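Accompanying notes for the structure given below.
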Amino acid sequence: MEVLGIDIGGTGIKGAIVDTITGELVTERFRIATPNPAIPEEVAKTIKKIVDHFNWKGLAGSGFPTPLAHGKCQSGGNLHESWKGVHVDELFQKSSGIEFTVINDADAAAEAEMHFGAGKGKSGLVAVITLGTGIGSGLFFNGNLIPNTELGHVTYKNDAFEKYAADSIRKKEELSYSKWGKRLNKYFQHIELILSPDLFIIGGGASKKLNKFIDEIKISTPIIPAENKNEAGIIGAAMAAYEHIK
């Protein structure tokens with residue numbers, strides 16, 4: 001089944017038609033710069049432009065960079081404070097005239113990884129942890145998403161753990177991979193303690209450099225790198241819409 005997938009980011013909003021059976025994009029990706037300020041009305045207009053670009057009348061899914069509860073935005077995230085309390089799925093449906101499923105962006109990328117990447121066929125409790133500007137997470141039990149986990153926001157030293165151990169912090173503080181690995185060790189030990197997962201999958205740019213810091217992470221849970229589909233957010237958003245109607 002073909003579904004329109006859209007990935008909303010702080011600088012760009014990207015969309016493509018996705019074959020949800022193969023995980024392949026069946027069109028070229030279309031990108032529009034994220035409005036500034038990224039207020040709901042302007043982002044909704046941009047979503048409609050992407051829908052109109054593909055002349056799309058079918059299902060659509062969108063990855064969205066904030067915590068969501070049943071389509072309702074829980075905070076402004078990195079977009080704009082005015083998003084808090086907005087029913088994002090209803091807003092996009094109204095602006096575009098088609099049915100929309102909205103999912104957290106980290107969950108969307110993890111969906112793609114579980115269906116078509118390193119997580120394919122993996123059962124039990126799997127945590128997909130993305131190390132980038134922050135720490136994103138997607139949690140799955142027997143292949144089913146447990147949404148909006150926000151595991152980068154567990155606290156350490158009275159602040160979110162991502163403020164201590166994200167890849168952006170490694171770069172900002174010019175940490176060696178060994179020192180960064182020691183910070184990540186504290187993080188993964190904590191997540192392992194509270195979740196007892198069967199598998200960690202590491203995503204983000206750090207997935208390609210896992211060998212540089214993996215020896216510092218002293219946990220019993222296996223850790224493997226994501227296969228990092230470049231369009232994971234788009235693919236996962238389309239998958240979320242497809243799963244919603246199954």
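We label chains A, B, ... in the order they appear in the structure tokens, count residues from 1 in each chain, and number ligands from 1 in the order shown.
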
I'd like the neighbourhood of A:Asp19 as a PDB file with N, CA and C atoms, in the first residue's frame, where a residue qualifies if any of its atoms comes within 10 Å (using only C-alpha atoms), though same-chain residues fewer than 4 positions away should be ignored.
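Listing of result.pdb after writing:
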```pdb
ATOM      1  N   MET A   1       0.840  -1.198   0.000  1.00  0.00           N
ATOM      2  CA  MET A   1       0.000   0.000   0.000  1.00  0.00           C
ATOM      3  C   MET A   1       0.873   1.245   0.000  1.00  0.00           C
ATOM      4  N   GLU A   2       0.523   2.225  -0.806  1.00  0.00           N
ATOM      5  CA  GLU A   2       1.275   3.466  -0.874  1.00  0.00           C
ATOM      6  C   GLU A   2       0.659   4.516   0.048  1.00  0.00           C
ATOM      7  N   VAL A   3       1.539   5.183   0.810  1.00  0.00           N
ATOM      8  CA  VAL A   3       1.126   6.177   1.794  1.00  0.00           C
ATOM      9  C   VAL A   3       2.067   7.375   1.690  1.00  0.00           C
ATOM     10  N   LEU A   4       1.540   8.574   1.861  1.00  0.00           N
ATOM     11  CA  LEU A   4       2.372   9.767   1.898  1.00  0.00           C
ATOM     12  C   LEU A   4       2.994   9.888   3.286  1.00  0.00           C
ATOM     13  N   GLY A   5       4.323   9.920   3.346  1.00  0.00           N
ATOM     14  CA  GLY A   5       5.035  10.121   4.603  1.00  0.00           C
ATOM     15  C   GLY A   5       5.672  11.494   4.632  1.00  0.00           C
ATOM     16  N   GLY A  23       9.136  -0.554   2.048  1.00  0.00           N
ATOM     17  CA  GLY A  23       9.838   0.536   2.713  1.00  0.00           C
ATOM     18  C   GLY A  23      10.575   1.458   1.763  1.00  0.00           C
ATOM     19  N   GLU A  24      10.324   1.316   0.480  1.00  0.00           N
ATOM     20  CA  GLU A  24      11.010   2.147  -0.519  1.00  0.00           C
ATOM     21  C   GLU A  24      10.187   3.393  -0.847  1.00  0.00           C
ATOM     22  N   LEU A  25      10.898   4.493  -1.137  1.00  0.00           N
ATOM     23  CA  LEU A  25      10.241   5.685  -1.654  1.00  0.00           C
ATOM     24  C   LEU A  25       9.915   5.464  -3.128  1.00  0.00           C
ATOM     25  N   VAL A  26       8.669   5.737  -3.505  1.00  0.00           N
ATOM     26  CA  VAL A  26       8.275   5.530  -4.908  1.00  0.00           C
ATOM     27  C   VAL A  26       8.227   6.849  -5.678  1.00  0.00           C
ATOM     28  N   THR A  27       8.551   7.958  -4.978  1.00  0.00           N
ATOM     29  CA  THR A  27       8.677   9.261  -5.632  1.00  0.00           C
ATOM     30  C   THR A  27       9.963   9.909  -5.146  1.00  0.00           C
ATOM     31  N   ILE A 235       9.671   7.284   5.999  1.00  0.00           N
ATOM     32  CA  ILE A 235       9.198   5.893   5.906  1.00  0.00           C
ATOM     33  C   ILE A 235       8.401   5.503   7.154  1.00  0.00           C
ATOM     34  N   ALA A 238       4.920   7.096   7.256  1.00  0.00           N
ATOM     35  CA  ALA A 238       3.996   6.374   6.380  1.00  0.00           C
ATOM     36  C   ALA A 238       3.561   5.056   7.012  1.00  0.00           C
ATOM     37  N   MET A 239       4.513   4.353   7.637  1.00  0.00           N
ATOM     38  CA  MET A 239       4.197   3.093   8.299  1.00  0.00           C
ATOM     39  C   MET A 239       3.190   3.293   9.428  1.00  0.00           C
TER      40      MET A 239
END
```

Please give the complete set of residues from stretch 76-213 of chain A that DSSP, run on the backbone, assigns to strand (DSSP E), formatted as a JSON list (two decimals) with C-alpha atoms, in the first residue's frame.
```json
[["chain", "number", "residue", "atom", "x", "y", "z"],
["A", 100, "PHE", "CA", -3.56, 12.15, 8.84],
["A", 101, "THR", "CA", -1.82, 10.04, 11.46],
["A", 102, "VAL", "CA", 0.77, 11.96, 13.50],
["A", 103, "ILE", "CA", 3.58, 10.26, 15.42],
["A", 104, "ASN", "CA", 6.58, 11.48, 17.41],
["A", 125, "LEU", "CA", 11.50, -5.45, 24.31],
["A", 126, "VAL", "CA", 13.65, -3.47, 21.87],
["A", 127, "ALA", "CA", 14.80, 0.10, 22.55],
["A", 128, "VAL", "CA", 15.91, 2.15, 19.54],
["A", 129, "ILE", "CA", 18.04, 4.99, 20.95],
["A", 130, "THR", "CA", 19.03, 7.84, 18.62],
["A", 131, "LEU", "CA", 22.13, 9.78, 19.60],
["A", 135, "ILE", "CA", 18.66, 11.52, 22.72],
["A", 136, "GLY", "CA", 15.59, 10.15, 20.98],
["A", 137, "SER", "CA", 13.92, 6.83, 21.68],
["A", 138, "GLY", "CA", 11.49, 4.36, 20.17],
["A", 139, "LEU", "CA", 10.38, 1.43, 22.33],
["A", 140, "PHE", "CA", 8.89, -1.75, 20.89],
["A", 141, "PHE", "CA", 7.45, -4.90, 22.42],
["A", 144, "ASN", "CA", 4.57, -3.09, 18.50],
["A", 145, "LEU", "CA", 5.41, 0.52, 19.30],
["A", 146, "ILE", "CA", 5.04, 1.84, 22.85],
["A", 155, "THR", "CA", 17.04, 12.90, 34.69],
["A", 156, "TYR", "CA", 20.69, 13.07, 35.63],
["A", 159, "ASP", "CA", 18.53, 17.81, 34.17],
["A", 160, "ALA", "CA", 17.61, 15.71, 31.16],
["A", 199, "LEU", "CA", 18.10, -5.34, 22.69],
["A", 200, "PHE", "CA", 19.37, -1.79, 22.17],
["A", 201, "ILE", "CA", 19.63, -0.42, 18.63],
["A", 202, "ILE", "CA", 21.76, 2.73, 18.34],
["A", 203, "GLY", "CA", 20.63, 5.22, 15.69]]
```

For stretch 67-71 of chain A, list every protein, DNA or RNA residue within 9 Å, evaluated using only C-alpha atoms, and leave out those in the same chain fewer than 3 positions away; present the list as a list in words.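 Result of the neighbour search: Phe64, Gln74, Ser75, Gly76, Gly77, Val86, His87, Val88, Asp89, Glu90, Thr101, Val102, Ile103, Asn104, Asp105, Pro147, Asn148, Thr149 and Glu150 of chain A.
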
Which of these residues is nearest to A:Glu42, using only C-alpha atoms: A:Gly233, A:Leu193, A:Ala240, A:Ser82?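 For A:Glu42, the nearest of the given residues is A:Ser82.
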
Best match for closeness to A:Leu79 among A:Thr66, A:Thr133, A:Ser196, A:Ser220, counting only C-alpha atoms: A:Thr66

Which one is closest to A:Leu91: A:Lys122, A:His190, A:His53, A:Lys45? Count only C-alpha atoms. A:Lys45

Between A:Gly143, A:Pro40, A:Gly152, A:Gly181, single out the one closest to A:Ser95, counting only C-alpha atoms. A:Pro40

Could you name the residues that touch A:Phe54 at 12 Å or less, counting only C-alpha atoms, but leaving out those on the same chain fewer than 6 positions away, as a list in words?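 Counting only C-alpha atoms, the residues come to Val3, Leu4, Gly5, Ile6, Gly15, Ala16, Ile17, Val18, Val26, Thr27, Glu28, Arg29, Phe30, Arg31, Ile47, Lys48, Ala60 and Ser96 of chain A.
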
Atoms kept (C-alpha atoms) for selection, written as a JSON list (two decimals), in the first residue's frame:
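See out05.json below for the written result:
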```json
[["chain", "number", "residue", "atom", "x", "y", "z"],
["A", 3, "VAL", "CA", 1.13, 6.18, 1.79],
["A", 4, "LEU", "CA", 2.37, 9.77, 1.90],
["A", 5, "GLY", "CA", 5.03, 10.12, 4.60],
["A", 6, "ILE", "CA", 6.09, 13.53, 5.92],
["A", 15, "GLY", "CA", 7.66, 14.27, 2.11],
["A", 16, "ALA", "CA", 7.48, 11.36, -0.33],
["A", 17, "ILE", "CA", 5.14, 8.56, -1.30],
["A", 18, "VAL", "CA", 6.21, 5.31, 0.39],
["A", 26, "VAL", "CA", 8.28, 5.53, -4.91],
["A", 27, "THR", "CA", 8.68, 9.26, -5.63],
["A", 28, "GLU", "CA", 11.44, 11.79, -5.30],
["A", 29, "ARG", "CA", 11.56, 13.47, -1.91],
["A", 30, "PHE", "CA", 10.00, 16.96, -1.83],
["A", 31, "ARG", "CA", 11.28, 19.45, 0.75],
["A", 47, "ILE", "CA", 1.81, 20.38, 4.94],
["A", 48, "LYS", "CA", -0.95, 21.25, 2.45],
["A", 60, "ALA", "CA", -0.82, 10.31, 5.10],
["A", 96, "SER", "CA", -5.14, 19.16, 3.76]]
```

Within 8 Å of A:His80, counting only C-alpha atoms, which residues show up once you throw out same-chain ones fewer than 5 positions away? Write them as a list in words, please.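 My reading of the contact set: Pro37, Ala38 and Ile39 of chain A.
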
Separation of atom CA of A:Ala241 from atom CA of A:Ala118, in Å and rounded to one decimal: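 Atom-to-atom, atom CA of A:Ala241 to atom CA of A:Ala118, that is 21.3 Å.
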
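Distances to A:Phe116 were evaluated for A:Ser168, A:Thr20, A:Asn78, A:Ser178 using only C-alpha atoms, and the minimum falls at A:Thr20.
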
Give me the residues within 12 Å of A:Tyr177 as a list in words, counting only C-alpha atoms and dropping any in the same chain fewer than 6 places off.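 Contacts, with the query itself left out: Ala165, Asp167, Ile169, Arg170, Lys171, Arg183, Leu184, Asn185, Ala206, Lys209, Leu210, Asn211, Lys212, Phe213, Ile214, Asp215, Glu216 and Ile217 of chain A.
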
Go ahead and save the picked residues with C-alpha atoms, as a PDB file, in the first residue's frame.
```
ATOM      1  CA  ALA A 165      25.310  12.571  26.966  1.00  0.00           C
ATOM      2  CA  ASP A 167      26.248  13.519  20.561  1.00  0.00           C
ATOM      3  CA  ILE A 169      27.330  17.545  23.874  1.00  0.00           C
ATOM      4  CA  ARG A 170      30.304  15.386  22.814  1.00  0.00           C
ATOM      5  CA  LYS A 171      31.004  17.867  20.035  1.00  0.00           C
ATOM      6  CA  ARG A 183      28.827   9.133  29.979  1.00  0.00           C
ATOM      7  CA  LEU A 184      26.762   6.901  27.725  1.00  0.00           C
ATOM      8  CA  ASN A 185      27.575   3.990  30.013  1.00  0.00           C
ATOM      9  CA  ALA A 206      26.706   7.791  16.198  1.00  0.00           C
ATOM     10  CA  LYS A 209      30.950   5.137  15.055  1.00  0.00           C
ATOM     11  CA  LEU A 210      29.746   2.558  17.576  1.00  0.00           C
ATOM     12  CA  ASN A 211      33.116   0.803  17.564  1.00  0.00           C
ATOM     13  CA  LYS A 212      34.745   3.979  18.962  1.00  0.00           C
ATOM     14  CA  PHE A 213      32.813   3.923  22.242  1.00  0.00           C
ATOM     15  CA  ILE A 214      31.092   0.540  22.623  1.00  0.00           C
ATOM     16  CA  ASP A 215      33.868  -0.825  24.883  1.00  0.00           C
ATOM     17  CA  GLU A 216      33.002   1.809  27.510  1.00  0.00           C
ATOM     18  CA  ILE A 217      29.388   0.637  27.805  1.00  0.00           C
TER      19      ILE A 217
END
```

Close residues, A:Ala109 itself excluded, 6 Å, only C-alpha atoms, min 3 positions apart in chain, as a PyMOL selection string: chain A and resi 106+112+232-233+236

Picked from stretch 30-164 of chain A by DSSP as helix (DSSP H, G or I), as a ChimeraX atom specification: /A:40-53,81-83,88-96,105-116,151-153,162-164

Do you have the atom CA of A:Gly97-atom CA of A:Ala33 distance handy? 21.8 Å
